[in-house]
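Colleague: Handing you this structure, nothing more for now.
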Amino acid sequence: STHPCVCPYINICIHPWQFICTSTYMHAATNRRTAHSQTETTSLTAASNTAESTVLNVTIPVSPIGPEDIYHGNMKLILGLIWTLIQQYQFGSRNQRISTKGILLIWSNAMLPELPLTNLTSDWNDGRALCGLVENLRPGLCPDYLDLDPDNKAENVEMGMQLAETHLRVPSLIEPDDFINPSIDELSMMTYLSYFVSPAKEALLMWIKEILPEFNITNFSTDWSDGIALGTLMHRLFDQLCVDCDSMKAENGLENLRRVIDEAEYRLGVKKLLTPAEMIDPKVDELSVITFLAQFKTATLLPLPGECACSGAGLTKAVVGKTARFKVDCSRAGDIKGLSVKIAGPSNNIPVTLSPLSPGVFTASYCCQEIGEHSVVVAINEQDVPGSPFQINAFDPRKCEVVLQPSYMTIGQEASIVLDRSNAGKGTVQARLGGQDEGTVSIRDNDDGTVTVSVTQHTGSEVRLELLFNNELLTHCAVVIPLVDGANEASKGRLKGSGVYDATDLQKSEFTVTGLSPGLLDIDGLAISITGIGSEAEVELSENVDGTYTVEYVPPKPGAYLIHVQCYGVPIPGSPFKLTVRQRPQSSKCVFYPDKTKYKISGQELVFKVNTKDAGTGHLAAAVMSERHAVFKVPCEHTQDGQYVLRFTPNDGKCRYILHVRWSRQPVPGTPYRFRAWPGADASKCVAYGRGLNEGVVNEPCEFHIDAREAGIGSLSVRVHGIKDSFKVKVEHEEPDPRVLLATYNPHKEGEYLISVRWSSVEISGSPFGVYITDPDAELEAQLREERLRQRSEERRSRRIKSEEERKLRMEERQRAAEENRKQKIDALRKRSEEKKRLMQQQEDERQAAIREMEKLCVSTTRPMSGHYSRNGLQQQYVMVGYQHGAMMAYGGNPTQYYQHKPISTKHRSSSFRVKQEAKKKKKTRKKRTSKCSSGDEEDRTKWQVPEKEPTFPNARSLGHSYSPIQSDTGSKSSVLNESKSSLFGIGFSNRNFLTGKRQELSASTEKL
């Protein structure tokens, strides 16, 4: 039961595991111990009853399983019993309200707040949670677990398991490949994670001892039953919680626990895993207590928006462009990490700056940029604080403006000031008198965005009025008004000048005001008006250097007028003054009649008329100004009542003129009159151009241009001479210059025509123009005919080219065939040459064999010998003729055969023969003859004689002296040897020259081919 290799759960509990192992062993041996089955069942029943009763004084519910199930190996029930034992002794959890899985999940999230875990399977696959758990229990083992690559699951899990097994003694119950599987068995994961509870318990106990050293905490059951340690722990972690923990009493443990647990859940979000009654129980579930306390390590104060308070003037109003502030007090609101202040304006959001004043207390600063209602939302974790959202009235006092203000005030009289606040936003206007001035101020709203402020003051030299908008002083609207005594000042005024009594309508008149103080115009202290019956003259005032005032006015019509002069609202002596206005000449009633000639020609007189009958009495004057700034006075001839005639002759044909006509210095309606003088007609300067003057196409529009800009004023005529009714020419003006004309025509018949262009009945340059009209249809037919001829010629040419190409192809084919034939002949000759060489080599081999055979038959003798040998089935005869310088000489029966044998050494003269044969093969088969060899003694040498005359033989070569053939004893041909100085000479017949010639002929033939 204690062997670690039996089962990974062997260390969970001793007695229950012995019971399961024993039952499993008994089940395996059932077949061998069938005789004792009744006894075994009785033993299992006893063991089951023991498990159901008490094991380590703890009751384990195993009612679904019986002894017979264990005996018969019911795997499902046995595994259920094992899991029950694991829960009881490995986890140690007996919480009836929350499952073991739920407690493990809460504990995991408390240990790893950075990695939210929702399950015990897939959320652990990447290994980061496992490494983080190891780091939290043993800081420094894996500090960068959050930076691990989630894709490297196997490496992360393997590293975490190795660290856990090495430093925490947590066995690797699960293979890394199974750990990273999303479908891993949840119970296996729970069992593996349960091994971390023990080191977590130790780490938690050390952490608590550091915080509560005076309590000497040693367990997670009885040391927490009175609630004092829990309350003190929470107060030391969070100063504002459990502030009365020092006054708690141990006998009120149930009440202490209830208050602390509730406050922890409300203020910290610590999940309530146990009730106060369960906490006070000595047999409390320690895993639940550990999980409950572990939450305090990472807990933070929850935000309580209801405990937050906002105050300050910045929550109700704000001045545009100025920083507004209000205070946010969150000292009792818990965790304020989620505190946010947002201000939304009419069109955009306004940034807010939070500045800490004290712990949990902030100053919110903002600056509005537009007028209108603003909404302030103060929230903690997206929950509004009391009063939120707040409405702020943003206004701009700079937009307030004084639109009406008197320039002075009279003592004891009321004056009104009008203030426009329509663009400043919502608000009220306040006013007050500055200094020690005595007076009254009243304000009236005009309901149009303006406010009227009425002021009355009795003493002083000036009035100082301060205006406020929403209690904001309007410094730019400060009102300062001079305070004067009007009656005394007005009594000094006097008028001078002819304009006071006489004037002409619509003409400027003037007079002077004297005796008054200077500077009245700046404060509107002087008021003058000139009014008549149904009319009023416009008045202009100006102050002179000497302190007097000049008044200028223009009466609108004749009649009687009154001149009113007031100083500070008080009339001067003699006011109003009577004014008589006389009528004057009216040029507007003059009628101007211009010259009726359409084109003003240079050198021709122009006549203009003016009717002044209804214009009153006056003087008419006229003048003409050219564009070259020359001025010509025009005489005005008066013909009858009110009728005038003006005569003018322009002398420049390329100039514009302006006629000015005035009636008593006033312009006559219709003037100034502008006109242009044109030069006379000049056909030489009229130009015609365009394609239509040279050629055209039947039934296609043709055109040409006529430029008469430099030809002066004249008439244009265009005529066509040629085939009758062939076409007509249409002339139109062309934009933008109307003196450039466009002539168009559409000919209907082919032929030659003349186009005559005349300017004022004079032929222009180049006129008449010869035009040839062509018919495109006839030209097209001729072109088609020519094209057909060209196509036929091309076809014949292409056929010739094709035939020539075919002939070239045939010639090339013949050349290729001849080349192939030549190559074949060369190959055949080469093969025959090689075959001949092979045959010659074969003959040479056979000859060598024959020589070797003859060497065996030859003997050392000076007498001739003869014999036969067989070659290629033919009998060949040879004759030994003697030696020459140690060489044996012989020839065959045929004179063309010659044999020569050089001895190997001078001591032994018999050696191999060299045979040269050029005779043709004999077709007839010869009888096989036996080789004979005859020799003579010393006496026979006398038979060899030297002939007197040298005989000749074909293909013979001399080896020494002269020679001649003789007949030997055997009847064969031989050479006569002449002995001289112990040397024997002989002759032979050779075919060397013959073979050499044949070879040369063969080589020449090969080169030729």
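Letters A, B, ... mark the chains of the structure tokens in the order given; residue numbers begin at 1 per chain; ligand numbers begin at 1, in order shown.
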Extract, using only C-alpha atoms, all DNA, RNA and protein residues at most 10 Å from Ala309 in chain A, discarding same-chain residues fewer than 4 positions from it, and format them as a list in words.

Modeller: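 Listing them by chain and then by number gives Pro305, Lys327, Val328, Asp329, Cys330, Ser331, Arg332, Ala333, Val361, Val378, Val385, Pro386, Gly387 and Ser388 of chain A.
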
Colleague: Name the closest residue to Trp759 in chain A among the candidates A:Val729, A:Thr597, A:Glu804, A:Val687; distances are taken between atoms, counting only C-alpha atoms.

Modeller: A:Val687

Colleague: Give me the residues within 9 Å of Ala537 in chain A as a PyMOL selection string, counting only C-alpha atoms and dropping any in the same chain fewer than 6 places off.

Modeller: chain A and resi 529-531+553-557+561

Colleague: Any idea what's packed within 9 Å of range 146-151 of chain A, counting only C-alpha atoms, ignoring anything in its chain fewer than 3 positions away? Could you give it as number ranges by chain?

Modeller: A: 114-115, 125-129, 131-132, 143, 154, 156

Colleague: At a cut-off of 12 Å, using only C-alpha atoms, what residues contact Lys249 in chain A? Leave out same-chain residues fewer than 6 positions from it and give the result as a list of chain:residue names.

Modeller: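 These residues fall inside the cut-off: A:Ser225, A:Asp226, A:Gly227, A:Ile228, A:Ala229, A:Gly231, A:Glu255, A:Asn256, A:Leu257.
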
Colleague: Within 10 Å of Gly642 in chain A, counting only C-alpha atoms, which residues show up once you throw out same-chain ones fewer than 4 positions away? Write them as a list in words, please.

Modeller: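 Contacts, with the query itself left out: Cys590, Val610, Asn611, Thr612, Lys613, Asp614, Ala615, Gly616, Thr617 and His638 of chain A.
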
Colleague: Give me a file of those residues, with N, CA and C atoms, as a short mmCIF file (atom, residue, chain, number, x, y, z; two decimals), in the first residue's frame.

Modeller:
data_model
loop_
_atom_site.label_atom_id
_atom_site.label_comp_id
_atom_site.auth_asym_id
_atom_site.auth_seq_id
_atom_site.Cartn_x
_atom_site.Cartn_y
_atom_site.Cartn_z
N CYS A 590 -33.05 116.86 -69.54
CA CYS A 590 -32.54 117.04 -70.89
C CYS A 590 -32.64 115.72 -71.64
N VAL A 610 -29.75 117.98 -78.70
CA VAL A 610 -30.07 117.99 -77.28
C VAL A 610 -31.33 118.86 -77.10
N ASN A 611 -32.33 118.33 -76.36
CA ASN A 611 -33.57 119.05 -76.06
C ASN A 611 -33.54 119.43 -74.59
N THR A 612 -33.47 120.76 -74.28
CA THR A 612 -33.40 121.26 -72.90
C THR A 612 -34.65 122.03 -72.52
N LYS A 613 -35.74 121.75 -73.20
CA LYS A 613 -36.96 122.54 -72.98
C LYS A 613 -37.44 122.46 -71.55
N ASP A 614 -37.42 121.27 -70.93
CA ASP A 614 -37.95 121.07 -69.58
C ASP A 614 -36.85 121.04 -68.53
N ALA A 615 -35.65 121.43 -68.86
CA ALA A 615 -34.53 121.34 -67.92
C ALA A 615 -34.27 122.63 -67.18
N GLY A 616 -35.11 123.64 -67.36
CA GLY A 616 -34.89 124.90 -66.67
C GLY A 616 -33.84 125.74 -67.35
N THR A 617 -33.43 126.78 -66.60
CA THR A 617 -32.46 127.71 -67.16
C THR A 617 -31.05 127.21 -66.85
N HIS A 638 -27.87 126.75 -81.03
CA HIS A 638 -29.23 126.83 -80.50
C HIS A 638 -30.16 127.12 -81.67
#

Colleague: Just the residues within 7 Å of Thr363 in chain A, please, counting only C-alpha atoms, with nothing from its chain fewer than 2 positions along; format it as a ChimeraX atom specification.

Modeller: /A:325-328,354-357,365

Colleague: Considering only helix (DSSP H, G or I) as DSSP defines it on the backbone, what residues of range 247-408 of chain A qualify? List them as a ChimeraX atom specification.

Modeller: /A:247,250-268,276-280,286-298,305-307,313-315,397-399

Colleague: Keeping N, CA and C atoms, export the residues of the selection given above as a compact mmCIF listing (two decimals), in the first residue's frame.

Modeller:
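The result, written out as out.txt:
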# COMPACT_ATOMS: atom_id res chain seq x y z
N SER A 247 -11.76 46.29 18.75
CA SER A 247 -12.78 46.20 19.80
C SER A 247 -13.60 44.92 19.72
N ALA A 250 -13.94 37.84 21.53
CA ALA A 250 -13.93 36.44 21.10
C ALA A 250 -15.27 35.78 21.30
N GLU A 251 -16.05 36.15 22.35
CA GLU A 251 -17.32 35.49 22.59
C GLU A 251 -18.36 35.87 21.54
N ASN A 252 -18.10 36.92 20.77
CA ASN A 252 -19.03 37.30 19.70
C ASN A 252 -18.49 36.83 18.34
N GLY A 253 -17.94 35.63 18.33
CA GLY A 253 -17.30 35.13 17.10
C GLY A 253 -18.24 35.02 15.93
N LEU A 254 -19.48 34.54 16.19
CA LEU A 254 -20.43 34.38 15.08
C LEU A 254 -20.77 35.73 14.46
N GLU A 255 -21.01 36.74 15.32
CA GLU A 255 -21.34 38.07 14.81
C GLU A 255 -20.13 38.71 14.12
N ASN A 256 -18.95 38.49 14.69
CA ASN A 256 -17.74 39.04 14.06
C ASN A 256 -17.53 38.47 12.65
N LEU A 257 -17.68 37.15 12.54
CA LEU A 257 -17.49 36.51 11.24
C LEU A 257 -18.53 36.99 10.23
N ARG A 258 -19.79 37.10 10.69
CA ARG A 258 -20.83 37.54 9.76
C ARG A 258 -20.52 38.94 9.23
N ARG A 259 -20.14 39.86 10.12
CA ARG A 259 -19.87 41.23 9.68
C ARG A 259 -18.63 41.31 8.77
N VAL A 260 -17.58 40.57 9.14
CA VAL A 260 -16.36 40.61 8.32
C VAL A 260 -16.58 39.96 6.96
N ILE A 261 -17.26 38.80 6.94
CA ILE A 261 -17.50 38.11 5.66
C ILE A 261 -18.37 38.97 4.75
N ASP A 262 -19.41 39.58 5.32
CA ASP A 262 -20.28 40.42 4.50
C ASP A 262 -19.53 41.65 3.96
N GLU A 263 -18.72 42.27 4.82
CA GLU A 263 -17.98 43.44 4.37
C GLU A 263 -16.93 43.07 3.32
N ALA A 264 -16.32 41.91 3.47
CA ALA A 264 -15.35 41.46 2.47
C ALA A 264 -16.02 41.22 1.13
N GLU A 265 -17.21 40.67 1.15
CA GLU A 265 -17.92 40.42 -0.11
C GLU A 265 -18.39 41.74 -0.73
N TYR A 266 -18.85 42.68 0.11
CA TYR A 266 -19.40 43.94 -0.41
C TYR A 266 -18.31 44.89 -0.88
N ARG A 267 -17.21 44.98 -0.12
CA ARG A 267 -16.19 45.96 -0.43
C ARG A 267 -15.03 45.41 -1.26
N LEU A 268 -14.79 44.08 -1.15
CA LEU A 268 -13.64 43.50 -1.86
C LEU A 268 -14.04 42.53 -2.95
N PRO A 276 -20.89 31.96 8.39
CA PRO A 276 -20.28 32.14 9.71
C PRO A 276 -20.40 30.91 10.60
N ALA A 277 -21.52 30.19 10.49
CA ALA A 277 -21.70 28.99 11.30
C ALA A 277 -20.69 27.92 10.90
N GLU A 278 -20.39 27.78 9.61
CA GLU A 278 -19.41 26.80 9.16
C GLU A 278 -18.00 27.22 9.55
N MET A 279 -17.73 28.51 9.55
CA MET A 279 -16.39 28.98 9.93
C MET A 279 -16.11 28.73 11.41
N ILE A 280 -17.11 28.83 12.22
CA ILE A 280 -16.90 28.68 13.65
C ILE A 280 -16.80 27.23 14.07
N GLU A 286 -11.20 22.86 5.40
CA GLU A 286 -9.99 23.69 5.31
C GLU A 286 -9.74 24.18 3.89
N LEU A 287 -10.06 23.36 2.87
CA LEU A 287 -9.86 23.80 1.48
C LEU A 287 -10.68 25.05 1.18
N SER A 288 -11.91 25.08 1.73
CA SER A 288 -12.75 26.27 1.52
C SER A 288 -12.16 27.46 2.25
N VAL A 289 -11.61 27.25 3.46
CA VAL A 289 -11.01 28.35 4.20
C VAL A 289 -9.77 28.86 3.49
N ILE A 290 -8.95 27.95 2.97
CA ILE A 290 -7.74 28.35 2.24
C ILE A 290 -8.11 29.17 1.01
N THR A 291 -9.12 28.68 0.27
CA THR A 291 -9.55 29.41 -0.93
C THR A 291 -10.11 30.77 -0.57
N PHE A 292 -10.88 30.81 0.53
CA PHE A 292 -11.47 32.08 0.97
C PHE A 292 -10.39 33.08 1.34
N LEU A 293 -9.37 32.66 2.08
CA LEU A 293 -8.31 33.56 2.50
C LEU A 293 -7.38 33.92 1.34
N ALA A 294 -7.21 33.00 0.37
CA ALA A 294 -6.33 33.28 -0.77
C ALA A 294 -6.87 34.44 -1.61
N GLN A 295 -8.18 34.65 -1.55
CA GLN A 295 -8.75 35.75 -2.32
C GLN A 295 -8.30 37.11 -1.81
N PHE A 296 -7.91 37.17 -0.53
CA PHE A 296 -7.50 38.45 0.03
C PHE A 296 -6.15 38.91 -0.53
N LYS A 297 -5.32 37.98 -1.04
CA LYS A 297 -4.00 38.35 -1.53
C LYS A 297 -4.10 39.24 -2.78
N THR A 298 -5.08 38.97 -3.60
CA THR A 298 -5.21 39.73 -4.86
C THR A 298 -6.44 40.61 -4.88
N PRO A 305 -19.79 53.67 -6.39
CA PRO A 305 -20.13 54.98 -6.94
C PRO A 305 -21.05 55.78 -6.01
N GLY A 306 -21.85 55.12 -5.23
CA GLY A 306 -22.76 55.84 -4.34
C GLY A 306 -22.07 56.61 -3.25
N GLU A 307 -20.80 56.27 -2.95
CA GLU A 307 -20.05 56.96 -1.92
C GLU A 307 -19.23 58.12 -2.47
N ALA A 313 -18.08 74.96 -8.53
CA ALA A 313 -18.77 75.81 -9.51
C ALA A 313 -18.65 75.24 -10.91
N GLY A 314 -17.61 74.46 -11.17
CA GLY A 314 -17.43 73.91 -12.51
C GLY A 314 -18.47 72.88 -12.89
N LEU A 315 -19.35 72.48 -11.98
CA LEU A 315 -20.41 71.54 -12.30
C LEU A 315 -21.67 72.24 -12.79
N PRO A 397 -18.51 85.44 -22.03
CA PRO A 397 -18.80 86.85 -21.77
C PRO A 397 -18.13 87.79 -22.78
N ARG A 398 -17.13 87.29 -23.48
CA ARG A 398 -16.47 88.14 -24.48
C ARG A 398 -17.39 88.46 -25.65
N LYS A 399 -18.45 87.64 -25.81
CA LYS A 399 -19.39 87.88 -26.90
C LYS A 399 -20.45 88.92 -26.54

Colleague: Find the residue from A:Asp641, A:Glu540, A:Glu489, A:Asp845 that sits nearest to Gln566 in chain A; use only C-alpha atoms when measuring.

Modeller: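 Using only C-alpha atoms, the shortest distance to Gln566 in chain A belongs to A:Glu489.
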
Colleague: Rounded to one decimal in Å, what is the spacing between CA of Glu853 in chain A and CA of Met840 in chain A?

Modeller: 19.5 Å

Colleague: Take CA of Val771 in chain A and CA of Arg739 in chain A and report the distance between them in Å, one decimal.

Modeller: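 Result for CA of Val771 in chain A versus CA of Arg739 in chain A: 24.3 Å, one decimal.
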
Colleague: For a test of reading the model, state the distance in Å between CA of Arg662 in chain A and CA of Val607 in chain A, rounded to one decimal.

Modeller: 16.8 Å

Colleague: Of the candidates A:Glu695, A:Gly618, A:Pro594, A:Ala688, which one gets nearest to Phe648 in chain A if we count only C-alpha atoms?

Modeller: A:Pro594
